[in-house]
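Colleague: Hey, dropping target32.txt in here, compact mmCIF, C-alpha atoms:
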```
# COMPACT_ATOMS: atom_id res chain seq x y z
CA MET A 1 140.92 101.87 218.95
CA ASN A 2 138.46 101.77 216.07
CA ASP A 3 141.01 100.27 213.72
CA LEU A 4 141.60 97.31 216.04
CA ASP A 5 139.74 94.24 214.85
CA ALA A 6 138.51 91.18 216.72
CA ILE A 7 141.85 89.40 216.22
CA ASP A 8 143.79 92.30 217.78
CA ARG A 9 141.45 92.25 220.75
CA SER A 10 141.85 88.47 221.12
CA LEU A 11 145.63 88.95 221.05
CA LEU A 12 145.49 91.61 223.76
CA ARG A 13 143.26 89.40 225.86
CA ALA A 14 145.55 86.36 225.47
CA LEU A 15 148.71 88.35 226.23
CA SER A 16 147.17 90.00 229.28
CA LEU A 17 146.67 86.49 230.68
CA ASP A 18 150.06 85.15 229.59
CA ALA A 19 152.62 87.45 228.00
CA SER A 20 155.17 84.69 227.44
CA ARG A 21 153.11 82.70 224.93
CA PRO A 22 155.04 82.19 221.68
CA ALA A 23 153.66 83.94 218.59
CA ALA A 24 153.34 80.61 216.77
CA ASP A 25 151.10 79.29 219.50
CA LEU A 26 148.91 82.41 219.56
CA GLY A 27 148.75 82.42 215.76
CA ARG A 28 147.57 78.83 215.61
CA GLU A 29 144.74 79.65 217.98
CA LEU A 30 143.69 82.73 216.00
CA GLY A 31 144.23 81.30 212.53
CA LEU A 32 147.26 83.48 211.72
CA SER A 33 150.73 82.69 210.48
CA GLN A 34 153.59 83.33 212.88
CA PRO A 35 154.88 86.38 210.94
CA ALA A 36 151.37 87.84 210.76
CA THR A 37 150.99 87.36 214.52
CA TRP A 38 154.35 89.05 215.07
CA ARG A 39 153.35 92.02 212.91
CA ARG A 40 150.14 92.50 214.87
CA ILE A 41 151.90 92.30 218.25
CA ARG A 42 154.51 94.79 217.05
CA ARG A 43 151.78 97.17 215.93
CA LEU A 44 149.95 96.87 219.27
CA ARG A 45 153.24 97.83 220.90
CA GLU A 46 153.77 100.75 218.53
CA ILE A 47 150.34 102.28 219.15
CA GLY A 48 151.02 101.92 222.90
CA ALA A 49 148.23 99.43 223.60
CA LEU A 50 150.76 96.96 224.96
CA LYS A 51 152.99 98.71 227.45
CA GLY A 52 155.37 96.09 228.70
CA ARG A 53 155.01 93.11 230.94
CA ARG A 54 154.56 92.51 234.62
CA LEU A 55 155.61 89.50 236.67
CA ASP A 56 152.78 87.64 238.30
CA LEU A 57 154.25 86.71 241.68
CA ASP A 58 152.61 85.02 244.66
CA ALA A 59 153.19 87.84 247.14
CA ALA A 60 152.18 85.74 250.15
CA ALA A 61 154.64 82.98 249.23
CA LEU A 62 157.37 85.62 249.11
CA GLY A 63 156.53 86.77 252.61
CA PHE A 64 154.23 89.70 251.79
CA GLY A 65 151.07 88.58 253.54
CA VAL A 66 149.29 91.93 253.70
CA THR A 67 148.12 94.35 251.02
CA VAL A 68 146.38 97.55 252.06
CA PHE A 69 144.63 100.16 249.93
CA LEU A 70 144.91 103.66 251.33
CA GLY A 71 142.83 106.74 250.63
CA ILE A 72 144.81 109.86 251.46
CA LYS A 73 143.76 113.47 251.80
CA LEU A 74 146.35 116.19 251.74
CA ALA A 75 146.12 118.47 254.76
CA SER A 76 147.41 121.80 253.64
CA ARG A 77 146.87 122.26 249.94
CA GLY A 78 149.39 124.65 248.51
CA ARG A 79 151.84 124.47 251.38
CA ALA A 80 153.52 121.24 250.53
CA SER A 81 153.36 120.90 246.78
CA LEU A 82 151.85 117.91 245.02
CA GLU A 83 155.24 117.31 243.43
CA ASP A 84 156.92 116.99 246.82
CA PHE A 85 154.26 114.59 248.03
CA GLU A 86 154.39 112.49 244.87
CA ARG A 87 158.17 112.30 244.83
CA ALA A 88 158.30 111.21 248.46
CA VAL A 89 155.48 108.67 248.23
CA CYS A 90 156.87 107.05 245.08
CA ALA A 91 160.21 106.50 246.83
CA ILE A 92 158.62 104.21 249.42
CA ARG A 93 159.40 100.65 248.38
CA GLU A 94 156.30 99.17 249.94
CA VAL A 95 154.06 101.52 247.92
CA GLN A 96 153.16 99.74 244.68
CA THR A 97 150.60 102.08 243.19
CA VAL A 98 150.01 105.83 243.47
CA GLU A 99 147.07 107.48 241.76
CA HIS A 100 146.07 111.10 241.95
CA VAL A 101 142.26 111.01 242.17
CA LEU A 102 139.24 113.28 242.30
CA GLY A 103 136.63 112.62 244.95
CA LEU A 104 136.65 111.87 248.65
CA TYR A 105 140.45 111.52 248.64
CA ASP A 106 143.35 113.10 246.82
CA TYR A 107 145.49 109.98 246.40
CA ARG A 108 144.89 106.27 246.21
CA LEU A 109 147.76 103.99 247.28
CA ARG A 110 148.39 100.28 247.18
CA VAL A 111 150.82 99.17 249.89
CA VAL A 112 152.34 95.74 250.58
CA ALA A 113 153.79 94.60 253.91
CA ARG A 114 154.96 91.38 255.53
CA ASP A 115 152.16 91.39 258.12
CA LEU A 116 149.94 93.86 259.98
CA GLU A 117 152.76 94.78 262.33
CA ASP A 118 155.02 95.56 259.41
CA PHE A 119 152.20 97.55 257.79
CA GLU A 120 151.82 99.61 260.94
CA ARG A 121 155.54 100.39 260.81
CA VAL A 122 155.30 101.49 257.14
CA LEU A 123 152.22 103.57 257.92
CA ARG A 124 153.74 105.34 260.93
CA ARG A 125 157.28 105.85 259.75
CA ARG A 126 156.85 106.32 256.02
CA ILE A 127 153.28 107.28 255.14
CA MET A 128 152.26 109.49 258.09
CA THR A 129 155.53 111.43 257.76
CA LEU A 130 154.92 112.37 254.09
CA PRO A 131 154.88 116.11 253.35
CA GLY A 132 151.36 117.53 253.44
CA ILE A 133 149.66 114.32 254.57
CA GLY A 134 146.15 114.61 256.03
CA PRO A 135 143.53 112.02 256.97
CA VAL A 136 144.20 108.44 255.84
CA GLU A 137 141.72 105.62 255.38
CA ALA A 138 142.96 102.03 255.21
CA ASN A 139 141.21 98.96 253.80
CA VAL A 140 142.92 95.57 254.07
CA LEU A 141 142.75 93.50 250.88
CA LEU A 142 141.03 90.13 251.24
CA SER A 143 140.74 88.97 247.64
CA GLU A 144 141.48 90.26 244.20
CA GLU A 145 140.65 89.37 240.62
CA ARG A 146 141.69 90.93 237.33
CA LEU A 147 139.32 90.77 234.41
CA PRO A 148 140.10 91.09 230.70
CA GLY A 149 137.99 94.26 230.42
CA PRO A 150 136.19 95.58 227.33
CA LEU A 151 138.19 93.66 224.73
CA MET B 1 146.17 84.20 264.28
CA THR B 2 149.76 83.67 263.31
CA ILE B 3 150.58 82.85 259.75
CA ILE B 4 153.87 81.09 259.32
CA VAL B 5 155.28 81.47 255.88
CA ILE B 6 157.68 78.71 255.02
CA SER B 7 160.04 80.41 252.68
CA MET B 8 162.01 78.19 250.39
CA GLN B 9 163.61 81.02 248.47
CA ASP B 10 167.15 82.05 249.19
CA ASP B 11 169.00 85.27 248.37
CA THR B 12 169.79 84.11 244.85
CA ASP B 13 166.11 83.44 244.12
CA ARG B 14 165.24 86.87 245.42
CA ARG B 15 167.93 88.46 243.29
CA LEU B 16 166.59 86.67 240.21
CA LEU B 17 163.03 87.80 240.91
CA ARG B 18 164.21 91.34 241.63
CA LEU B 19 166.08 91.53 238.31
CA LEU B 20 163.17 89.98 236.43
CA GLN B 21 160.75 92.39 238.10
CA GLU B 22 162.85 95.31 236.84
CA THR B 23 163.14 93.94 233.30
CA PRO B 24 160.57 91.19 232.68
CA ASP B 25 161.55 90.59 229.07
CA LEU B 26 165.13 89.53 229.83
CA THR B 27 166.06 86.23 228.23
CA THR B 28 167.27 83.49 230.56
CA ALA B 29 170.82 84.01 229.26
CA GLU B 30 170.71 87.77 229.97
CA LEU B 31 169.19 87.17 233.39
CA ALA B 32 171.84 84.56 234.23
CA ASP B 33 174.54 86.98 233.16
CA ARG B 34 173.24 89.79 235.40
CA ALA B 35 172.74 87.43 238.33
CA GLY B 36 176.20 85.90 237.94
CA LEU B 37 174.86 82.39 237.34
CA THR B 38 175.32 79.93 234.52
CA ALA B 39 172.33 79.85 232.14
CA MET B 40 171.55 76.31 233.24
CA ARG B 41 171.50 77.06 236.95
CA CYS B 42 169.41 80.15 236.27
CA ALA B 43 166.88 78.17 234.21
CA ARG B 44 166.71 75.50 236.91
CA ARG B 45 165.98 78.07 239.60
CA LEU B 46 163.28 79.76 237.52
CA ALA B 47 161.67 76.39 236.85
CA ARG B 48 161.67 75.64 240.56
CA LEU B 49 160.08 78.99 241.38
CA GLU B 50 157.43 78.29 238.76
CA ASP B 51 156.77 74.78 240.06
CA ALA B 52 156.39 76.12 243.59
CA GLY B 53 153.81 78.64 242.31
CA VAL B 54 155.89 81.62 243.42
CA LEU B 55 156.47 82.80 239.86
CA ARG B 56 153.07 82.39 238.25
CA GLY B 57 154.01 83.90 234.92
CA GLN B 58 154.02 87.20 233.10
CA ARG B 59 151.11 89.34 232.04
CA ALA B 60 151.06 91.99 229.36
CA VAL B 61 150.08 95.41 230.68
CA ILE B 62 147.34 96.99 228.61
CA ASP B 63 147.20 100.76 228.27
CA TRP B 64 143.48 101.47 228.21
CA LYS B 65 144.06 105.12 227.32
CA ALA B 66 145.89 104.08 224.16
CA LEU B 67 142.85 101.95 223.31
CA GLY B 68 140.58 104.97 223.58
CA PHE B 69 139.37 104.46 227.16
CA GLU B 70 140.10 107.91 228.55
CA VAL B 71 138.21 107.61 231.83
CA ALA B 72 139.25 105.42 234.79
CA VAL B 73 137.18 105.32 237.96
CA SER B 74 137.59 103.49 241.24
CA LEU B 75 134.18 102.61 242.67
CA ARG B 76 134.12 101.92 246.41
CA VAL B 77 131.07 99.91 247.34
CA THR B 78 129.49 99.16 250.70
CA LEU B 79 127.10 96.22 250.61
CA ASP B 80 123.91 95.54 252.53
CA LYS B 81 125.28 92.87 254.86
CA THR B 82 121.84 91.97 256.22
CA GLN B 83 121.58 89.96 253.00
CA PRO B 84 123.53 86.74 253.61
CA ARG B 85 124.43 86.25 249.94
CA ALA B 86 125.18 89.92 249.26
CA PHE B 87 128.89 89.41 248.48
CA ASP B 88 128.50 86.41 246.18
CA GLU B 89 125.58 87.83 244.26
CA PHE B 90 127.16 91.26 243.89
CA LEU B 91 130.50 89.83 242.71
CA ALA B 92 128.90 87.44 240.23
CA ARG B 93 126.98 90.27 238.58
CA ALA B 94 129.90 92.73 238.71
CA ARG B 95 132.06 90.24 236.75
CA GLU B 96 129.55 90.47 233.90
CA VAL B 97 130.14 94.21 233.41
CA ALA B 98 132.65 94.37 230.55
CA GLU B 99 134.11 97.73 231.64
CA VAL B 100 135.16 96.36 235.07
CA ILE B 101 138.86 95.44 234.95
CA GLU B 102 139.60 94.75 238.64
CA ILE B 103 137.56 93.56 241.61
CA GLN B 104 138.91 93.61 245.17
CA THR B 105 137.23 92.75 248.46
CA PHE B 106 138.32 94.34 251.73
CA LEU B 107 138.24 94.31 255.46
CA GLY B 108 137.46 97.89 256.38
CA ARG B 109 134.93 100.61 255.73
CA VAL B 110 134.75 99.63 252.06
CA ASP B 111 133.55 96.11 251.16
CA VAL B 112 134.33 95.93 247.46
CA ARG B 113 136.22 98.04 244.97
CA LEU B 114 135.60 97.96 241.23
CA GLN B 115 138.05 99.49 238.78
CA LEU B 116 136.19 100.70 235.75
CA VAL B 117 137.31 102.06 232.37
CA ALA B 118 135.16 104.04 229.93
CA ARG B 119 135.68 105.83 226.62
CA ASP B 120 134.59 109.21 227.92
CA LEU B 121 132.36 110.76 230.57
CA GLU B 122 129.24 110.12 228.51
CA HIS B 123 130.10 106.42 228.27
CA TYR B 124 130.99 106.32 231.98
CA ARG B 125 127.65 107.85 232.92
CA ALA B 126 125.81 105.25 230.85
CA VAL B 127 127.75 102.32 232.36
CA TYR B 128 127.32 103.72 235.87
CA ARG B 129 123.58 104.25 235.56
CA GLU B 130 122.63 101.20 233.56
CA ARG B 131 125.08 98.56 234.78
CA ILE B 132 126.60 99.57 238.12
CA LEU B 133 123.54 100.97 239.88
CA ALA B 134 121.68 97.84 238.74
CA LEU B 135 124.05 95.57 240.72
CA PRO B 136 122.39 93.89 243.72
CA HIS B 137 122.75 94.70 247.44
CA ILE B 138 124.53 98.06 247.16
CA ALA B 139 124.16 100.07 250.38
CA ASP B 140 126.50 102.89 249.43
CA ILE B 141 128.84 103.75 246.59
CA GLU B 142 131.60 106.35 246.25
CA SER B 143 133.67 107.09 243.21
CA LEU B 144 137.23 108.28 242.80
CA MET B 145 138.12 109.40 239.31
CA THR B 146 141.75 108.95 238.29
CA VAL B 147 143.44 112.22 237.41
CA SER B 148 146.85 110.70 236.83
CA VAL B 149 148.70 107.48 237.55
CA VAL B 150 151.91 108.45 239.35
CA LYS B 151 153.28 104.96 240.03
CA SER B 152 151.92 101.64 238.82
CA ASP B 153 154.71 99.11 238.56
CA GLU B 154 153.26 96.95 241.36
CA LYS B 155 156.70 95.63 242.22
CA LEU B 156 157.30 93.78 245.46
CA PRO B 157 160.10 95.19 247.67
CA LEU B 158 162.13 91.97 247.41
```
Show how you would write the structure in this file as structure tokens.
Modeller:
Amino acid sequence: MNDLDAIDRSLLRALSLDASRPAADLGRELGLSQPATWRRIRRLREIGALKGRRLDLDAAALGFGVTVFLGIKLASRGRASLEDFERAVCAIREVQTVEHVLGLYDYRLRVVARDLEDFERVLRRRIMTLPGIGPVEANVLLSEERLPGPL
Amino acid sequence: MTIIVISMQDDTDRRLLRLLQETPDLTTAELADRAGLTAMRCARRLARLEDAGVLRGQRAVIDWKALGFEVAVSLRVTLDKTQPRAFDEFLARAREVAEVIEIQTFLGRVDVRLQLVARDLEHYRAVYRERILALPHIADIESLMTVSVVKSDEKLPL
């Protein structure tokens, strides 16, 4: 991190907003030649700072009107293994994010569904039947913003 | 309340988005090839999805660990709702904290969630004490520290 300069950080910030911007365009903004911009982007990839791209889709326009964040506790630690739980939860298509966490819950999930009825179906048939599942807390997403972070 | 979603996308659009979700850096020619379309028809469909605001663009995913931010914490905040401007004032100030990378608001037991990154536990403690606890209208706050990210592609089940 310490060998990243202000230009690298500006590049990361710009690409995290729009990954499809041409290097020439980015370079012009940052006072770099196109090859120099390319070299920096390649290096950011090599050190792992840039790990791929993600499509920014309007979920609601595609029919996914509901996003729910779940906090999950495992019921019987040791009996069903974490590996079994993780493998099963990752296979659920509606589950977008799975994080193993320390604190009030064991896992944090992000789940998408068409509507609340569809969410209830996913919760009952897919989530509540996971191996080792315990208490679940659900919070329905109302709004979301992503920030550039400490760049 | 019933929300009626008028869907203008057909199966081909969904297939394109599904393929692009799997491999976002495909060129239009490669995408067209995999979808069984001509490059021109493929480009036209993508342009239409962009114009309709369905495909907003692509964002680079930043690996904060690789940048030296070893600690990731999810802060679940309950606000003092007796204050009418609690949400707005809390959110405005939370946006000013550089280490906050996501803000979500919820309907549920939790009002707001902040995703925070820090270099190490020392740094996290400093940010938590000096910046987070100084945010207005906090009634309660819980933290979940990320041990490992098991899945994070955020794909839609198209």
Colleague: For Ser143 in chain A, list every protein, DNA or RNA residue within 10 Å, evaluated using all atoms listed in the file, and leave out those in the same chain fewer than 2 positions away; present the list as a PyMOL selection string.
Modeller: (chain A and resi 67+140-141+145) or (chain B and resi 103-107+112)
Colleague: Give me, as a ChimeraX atom specification, the residues of chain B touching chain A, with the criterion being at most 8 Å (counting all atoms listed in the file).
Modeller: /B:5-7,9,20-21,24-25,53-68,95,98-110,142-157
Colleague: One number please: CA of Val136 in chain A to CA of Leu70 in chain A, in Å, one decimal.
Modeller: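 So the answer is 6.6 Å.
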Colleague: Using CA of Leu30 in chain A and CA of Asp8 in chain A as the two end points, give the distance in Å to one decimal.
Modeller: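 Atom-to-atom, CA of Leu30 in chain A to CA of Asp8 in chain A, that is 9.7 Å.
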Colleague: Axis-aligned box over every listed atom of range 108-122 of chain B, padded by 6 Å per side: centre and edges in Å to one decimal, as AutoDock Vina command-line options?
Modeller:
```
--center_x 133.6 --center_y 103.3 --center_z 241.5 --size_x 20.8 --size_y 26.8 --size_z 41.8
```
Colleague: As an exercise, work out the distance from CA of Val77 in chain B to CA of Ile138 in chain B in Å and give it to one decimal place.
Modeller: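 So the answer is 6.8 Å.
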